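To be precise, the following lines are structure_17.txt, and they hold compact mmCIF, N, CA and C atoms.
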```txt
# COMPACT_ATOMS: atom_id res chain seq x y z
N LEU A 75 7.35 22.01 0.37
CA LEU A 75 6.43 20.93 0.70
C LEU A 75 5.88 20.26 -0.56
N ALA A 76 5.63 21.06 -1.59
CA ALA A 76 5.09 20.51 -2.84
C ALA A 76 6.09 19.54 -3.47
N ALA A 77 7.36 19.86 -3.41
CA ALA A 77 8.38 18.97 -3.98
C ALA A 77 8.45 17.66 -3.21
N LEU A 78 8.33 17.74 -1.91
CA LEU A 78 8.36 16.54 -1.07
C LEU A 78 7.16 15.65 -1.37
N THR A 79 5.99 16.28 -1.50
CA THR A 79 4.78 15.53 -1.82
C THR A 79 4.89 14.88 -3.20
N ALA A 80 5.41 15.62 -4.17
CA ALA A 80 5.58 15.06 -5.51
C ALA A 80 6.54 13.88 -5.49
N SER A 81 7.62 14.01 -4.73
CA SER A 81 8.59 12.91 -4.62
C SER A 81 7.94 11.68 -3.98
N TYR A 82 7.14 11.90 -2.95
CA TYR A 82 6.47 10.79 -2.30
C TYR A 82 5.52 10.09 -3.28
N ARG A 83 4.73 10.89 -4.00
CA ARG A 83 3.80 10.30 -4.97
C ARG A 83 4.54 9.46 -6.00
N GLN A 84 5.69 9.95 -6.45
CA GLN A 84 6.47 9.20 -7.45
C GLN A 84 7.02 7.89 -6.88
N SER A 85 7.18 7.82 -5.57
CA SER A 85 7.72 6.61 -4.95
C SER A 85 6.66 5.52 -4.76
N LEU A 86 5.40 5.87 -4.91
CA LEU A 86 4.33 4.92 -4.60
C LEU A 86 4.33 3.65 -5.45
N PRO A 87 4.54 3.72 -6.77
CA PRO A 87 4.59 2.46 -7.53
C PRO A 87 5.68 1.51 -7.03
N GLY A 88 6.81 2.06 -6.61
CA GLY A 88 7.87 1.22 -6.05
C GLY A 88 7.46 0.57 -4.75
N LYS A 89 6.71 1.30 -3.94
CA LYS A 89 6.22 0.73 -2.69
C LYS A 89 5.24 -0.42 -2.97
N ALA A 90 4.39 -0.22 -3.97
CA ALA A 90 3.45 -1.29 -4.35
C ALA A 90 4.22 -2.50 -4.87
N ASP A 91 5.27 -2.26 -5.64
CA ASP A 91 6.11 -3.37 -6.14
C ASP A 91 6.75 -4.13 -4.98
N GLY A 92 7.19 -3.41 -3.96
CA GLY A 92 7.77 -4.06 -2.78
C GLY A 92 6.78 -4.94 -2.05
N LEU A 93 5.54 -4.47 -1.96
CA LEU A 93 4.49 -5.27 -1.35
C LEU A 93 4.24 -6.55 -2.15
N ARG A 94 4.17 -6.40 -3.45
CA ARG A 94 3.94 -7.59 -4.31
C ARG A 94 5.10 -8.58 -4.22
N ALA A 95 6.32 -8.06 -4.16
CA ALA A 95 7.49 -8.94 -4.05
C ALA A 95 7.45 -9.73 -2.74
N ALA A 96 7.14 -9.05 -1.65
CA ALA A 96 7.05 -9.73 -0.36
C ALA A 96 5.93 -10.77 -0.37
N PHE A 97 4.81 -10.43 -1.00
CA PHE A 97 3.70 -11.36 -1.10
C PHE A 97 4.09 -12.57 -1.94
N GLY A 98 4.77 -12.31 -3.05
CA GLY A 98 5.22 -13.40 -3.92
C GLY A 98 6.19 -14.34 -3.22
N ALA A 99 6.95 -13.80 -2.27
CA ALA A 99 7.89 -14.62 -1.50
C ALA A 99 7.20 -15.32 -0.34
N GLY A 100 5.89 -15.07 -0.18
CA GLY A 100 5.14 -15.73 0.88
C GLY A 100 5.35 -15.12 2.25
N ASN A 101 5.87 -13.89 2.31
CA ASN A 101 6.16 -13.27 3.59
C ASN A 101 5.03 -12.30 3.97
N LEU A 102 3.96 -12.85 4.53
CA LEU A 102 2.80 -12.04 4.90
C LEU A 102 3.13 -11.04 6.00
N GLU A 103 4.06 -11.37 6.88
CA GLU A 103 4.43 -10.43 7.94
C GLU A 103 5.11 -9.19 7.34
N GLU A 104 5.95 -9.39 6.35
CA GLU A 104 6.58 -8.24 5.69
C GLU A 104 5.54 -7.42 4.93
N VAL A 105 4.63 -8.10 4.25
CA VAL A 105 3.55 -7.40 3.55
C VAL A 105 2.75 -6.57 4.55
N ARG A 106 2.41 -7.17 5.68
CA ARG A 106 1.65 -6.46 6.71
C ARG A 106 2.40 -5.22 7.19
N ALA A 107 3.70 -5.37 7.48
CA ALA A 107 4.49 -4.25 7.99
C ALA A 107 4.62 -3.14 6.94
N LEU A 108 4.87 -3.52 5.69
CA LEU A 108 4.98 -2.51 4.62
C LEU A 108 3.64 -1.80 4.39
N ALA A 109 2.56 -2.55 4.43
CA ALA A 109 1.23 -1.95 4.26
C ALA A 109 0.92 -0.99 5.40
N HIS A 110 1.32 -1.36 6.60
CA HIS A 110 1.10 -0.49 7.76
C HIS A 110 1.84 0.84 7.58
N LYS A 111 3.10 0.77 7.16
CA LYS A 111 3.87 1.99 6.92
C LYS A 111 3.24 2.83 5.82
N LEU A 112 2.81 2.18 4.75
CA LEU A 112 2.19 2.90 3.64
C LEU A 112 0.88 3.54 4.07
N LYS A 113 0.11 2.84 4.88
CA LYS A 113 -1.15 3.38 5.38
C LYS A 113 -0.90 4.70 6.11
N GLY A 114 0.09 4.72 6.97
CA GLY A 114 0.39 5.92 7.73
C GLY A 114 0.95 7.05 6.88
N SER A 115 1.90 6.73 6.03
CA SER A 115 2.52 7.79 5.24
C SER A 115 1.56 8.36 4.20
N ALA A 116 0.75 7.51 3.59
CA ALA A 116 -0.21 8.01 2.61
C ALA A 116 -1.23 8.92 3.28
N GLY A 117 -1.64 8.58 4.47
CA GLY A 117 -2.55 9.44 5.21
C GLY A 117 -1.92 10.79 5.51
N MET A 118 -0.65 10.76 5.89
CA MET A 118 0.06 11.99 6.20
C MET A 118 0.20 12.89 4.96
N TYR A 119 0.34 12.28 3.79
CA TYR A 119 0.49 13.05 2.56
C TYR A 119 -0.85 13.36 1.89
N GLY A 120 -1.94 13.11 2.58
CA GLY A 120 -3.24 13.49 2.06
C GLY A 120 -3.77 12.59 0.95
N LEU A 121 -3.46 11.31 1.04
CA LEU A 121 -3.94 10.33 0.06
C LEU A 121 -4.79 9.28 0.78
N PRO A 122 -6.00 9.67 1.17
CA PRO A 122 -6.82 8.76 1.98
C PRO A 122 -7.19 7.47 1.28
N GLU A 123 -7.35 7.49 -0.05
CA GLU A 123 -7.71 6.26 -0.76
C GLU A 123 -6.58 5.25 -0.70
N VAL A 124 -5.35 5.73 -0.86
CA VAL A 124 -4.18 4.84 -0.77
C VAL A 124 -4.05 4.33 0.66
N SER A 125 -4.23 5.21 1.63
CA SER A 125 -4.13 4.83 3.03
C SER A 125 -5.16 3.75 3.37
N GLU A 126 -6.39 3.95 2.93
CA GLU A 126 -7.45 2.97 3.21
C GLU A 126 -7.16 1.62 2.55
N ALA A 127 -6.71 1.65 1.31
CA ALA A 127 -6.39 0.39 0.60
C ALA A 127 -5.24 -0.33 1.29
N ALA A 128 -4.23 0.42 1.74
CA ALA A 128 -3.12 -0.20 2.46
C ALA A 128 -3.61 -0.81 3.76
N GLY A 129 -4.55 -0.15 4.41
CA GLY A 129 -5.12 -0.69 5.64
C GLY A 129 -5.85 -2.00 5.41
N LYS A 130 -6.51 -2.11 4.27
CA LYS A 130 -7.19 -3.37 3.94
C LYS A 130 -6.19 -4.50 3.73
N VAL A 131 -5.08 -4.19 3.07
CA VAL A 131 -4.02 -5.20 2.87
C VAL A 131 -3.45 -5.61 4.23
N GLU A 132 -3.17 -4.61 5.06
CA GLU A 132 -2.63 -4.89 6.39
C GLU A 132 -3.57 -5.82 7.17
N GLN A 133 -4.84 -5.50 7.17
CA GLN A 133 -5.81 -6.30 7.92
C GLN A 133 -5.91 -7.72 7.37
N ALA A 134 -5.91 -7.86 6.06
CA ALA A 134 -5.99 -9.19 5.46
C ALA A 134 -4.77 -10.04 5.86
N CYS A 135 -3.62 -9.41 5.92
CA CYS A 135 -2.41 -10.15 6.31
C CYS A 135 -2.43 -10.46 7.80
N ARG A 136 -2.94 -9.55 8.59
CA ARG A 136 -3.01 -9.75 10.04
C ARG A 136 -3.88 -10.95 10.37
N THR A 137 -4.96 -11.13 9.60
CA THR A 137 -5.87 -12.24 9.86
C THR A 137 -5.48 -13.50 9.09
N GLY A 138 -4.36 -13.45 8.37
CA GLY A 138 -3.90 -14.61 7.63
C GLY A 138 -4.76 -14.91 6.42
N GLY A 139 -5.25 -13.86 5.78
CA GLY A 139 -6.13 -14.03 4.62
C GLY A 139 -5.48 -14.85 3.52
N PRO A 140 -6.28 -15.65 2.83
CA PRO A 140 -5.73 -16.46 1.74
C PRO A 140 -5.33 -15.59 0.55
N ALA A 141 -4.52 -16.14 -0.32
CA ALA A 141 -4.04 -15.41 -1.49
C ALA A 141 -5.18 -14.86 -2.33
N VAL A 142 -6.28 -15.60 -2.42
CA VAL A 142 -7.41 -15.12 -3.22
C VAL A 142 -8.04 -13.88 -2.62
N GLU A 143 -7.82 -13.63 -1.34
CA GLU A 143 -8.32 -12.43 -0.69
C GLU A 143 -7.30 -11.29 -0.81
N VAL A 144 -6.03 -11.59 -0.60
CA VAL A 144 -4.99 -10.57 -0.57
C VAL A 144 -4.66 -10.05 -1.97
N THR A 145 -4.64 -10.93 -2.96
CA THR A 145 -4.25 -10.53 -4.32
C THR A 145 -5.08 -9.38 -4.88
N PRO A 146 -6.41 -9.44 -4.82
CA PRO A 146 -7.17 -8.30 -5.36
C PRO A 146 -6.96 -7.02 -4.55
N LEU A 147 -6.70 -7.15 -3.26
CA LEU A 147 -6.41 -5.97 -2.45
C LEU A 147 -5.09 -5.33 -2.87
N LEU A 148 -4.10 -6.16 -3.16
CA LEU A 148 -2.82 -5.65 -3.66
C LEU A 148 -2.99 -5.00 -5.03
N ASP A 149 -3.82 -5.61 -5.87
CA ASP A 149 -4.09 -5.03 -7.19
C ASP A 149 -4.73 -3.65 -7.07
N GLU A 150 -5.71 -3.54 -6.18
CA GLU A 150 -6.38 -2.26 -5.95
C GLU A 150 -5.37 -1.22 -5.44
N LEU A 151 -4.56 -1.62 -4.48
CA LEU A 151 -3.57 -0.71 -3.91
C LEU A 151 -2.57 -0.26 -4.98
N ALA A 152 -2.10 -1.19 -5.80
CA ALA A 152 -1.14 -0.84 -6.85
C ALA A 152 -1.75 0.14 -7.86
N ALA A 153 -3.02 -0.05 -8.20
CA ALA A 153 -3.69 0.87 -9.12
C ALA A 153 -3.80 2.26 -8.51
N LEU A 154 -4.15 2.33 -7.23
CA LEU A 154 -4.25 3.62 -6.56
C LEU A 154 -2.88 4.30 -6.45
N CYS A 155 -1.84 3.51 -6.20
CA CYS A 155 -0.49 4.06 -6.12
C CYS A 155 -0.08 4.63 -7.48
N GLY A 156 -0.38 3.89 -8.54
CA GLY A 156 -0.07 4.38 -9.89
C GLY A 156 -0.82 5.64 -10.22
N GLY A 157 -2.08 5.70 -9.83
CA GLY A 157 -2.89 6.90 -10.08
C GLY A 157 -2.37 8.10 -9.29
N ALA A 158 -1.98 7.86 -8.05
CA ALA A 158 -1.45 8.96 -7.24
C ALA A 158 -0.13 9.45 -7.81
N ALA A 159 0.70 8.54 -8.30
CA ALA A 159 1.98 8.93 -8.89
C ALA A 159 1.77 9.76 -10.14
N ALA A 160 0.69 9.46 -10.86
CA ALA A 160 0.37 10.21 -12.08
C ALA A 160 -0.37 11.51 -11.76
N GLY A 161 -0.61 11.75 -10.46
CA GLY A 161 -1.27 12.98 -10.07
C GLY A 161 -2.78 12.93 -10.06
N MET A 162 -3.34 11.70 -10.15
CA MET A 162 -4.80 11.56 -10.22
C MET A 162 -5.42 11.32 -8.84
N GLY A 163 -4.61 11.01 -7.84
CA GLY A 163 -5.18 10.67 -6.54
C GLY A 163 -4.98 11.71 -5.51
```
As structure tokens, how would this structure be written, given the file I've shared?
Amino acid sequence: LAALTASYRQSLPGKADGLRAAFGAGNLEEVRALAHKLKGSAGMYGLPEVSEAAGKVEQACRTGGPAVEVTPLLDELAALCGGAAAGMG
């Protein structure tokens, strides 16, 4: 289980990059769907901060939040993903 958890943590920066790429392409529905998946998986792996941040991104996309609202949420999520990958989260 520890190896699986470590592998998941290492995958988090890539997941954050995927969210940013979808956002950069203007695909809020894809961002919403990816954030939803990340919210669930991060919760399952015991990373509540990542899960909560992903939920905020999901909600902002669901309500059609403007880029000025979504961008800082993505930044926060990416920082948390990086911290979790480094073993800090």
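Among the candidates A:Gly161, A:Lys113, A:Val131, A:Glu126, the one nearest to Leu148 of chain A when counting only N, CA and C atoms is A:Val131.
Closest to Gly138 of chain A among A:Glu123, A:Ala160, A:Gln84, A:Leu102 is A:Leu102, based on all atoms listed in the file.
Nearest to Ser81 of chain A of all the residues A:Ala159, A:Ala128, A:Val144, A:Leu112 is A:Ala159, based on only C-alpha atoms.
Atom C of Ala107 of chain A sits 12.3 Å away from atom N of Ala95 of chain A.
Here atom CA of Ala76 of chain A stands at a distance of 20.2 Å from atom C of Gly88 of chain A.
Interatomic distance, atom N of Tyr82 of chain A against atom N of Arg94 of chain A: 18.5 Å.
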Write down as a ChimeraX atom specification the residues belonging to chain A that are assigned alpha helix (DSSP H) by DSSP computed on the backbone. /A:76-98,102-118,122-136,141-159
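Proximity to Leu108 of chain A was assessed for A:Lys89, A:Arg136, A:Arg83, A:Lys130 counting only C-alpha atoms; the smallest distance is recorded for A:Lys89.
In this comparison, which uses only N, CA and C atoms, the residue of A:Ala158, A:Val105, A:Leu151, A:Ala80 approaching Gly92 of chain A most closely is A:Val105.
For Gly114 of chain A, the non-local neighbours within 8 Å, defined as residues at least 3 positions apart in the same chain or in other chains and counting only N, CA and C atoms, are Leu108, Ala109, His110, Lys111, Gly117, Met118, Tyr119, Gly120, Val124, Ser125, Glu126, Ala128 and Gly129 of chain A.
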Using all atoms listed in the file, pick whichever of A:Asp91, A:Arg106, A:Leu86, A:Phe97 has the shortest atom-to-atom distance to Ala134 of chain A. A:Arg106
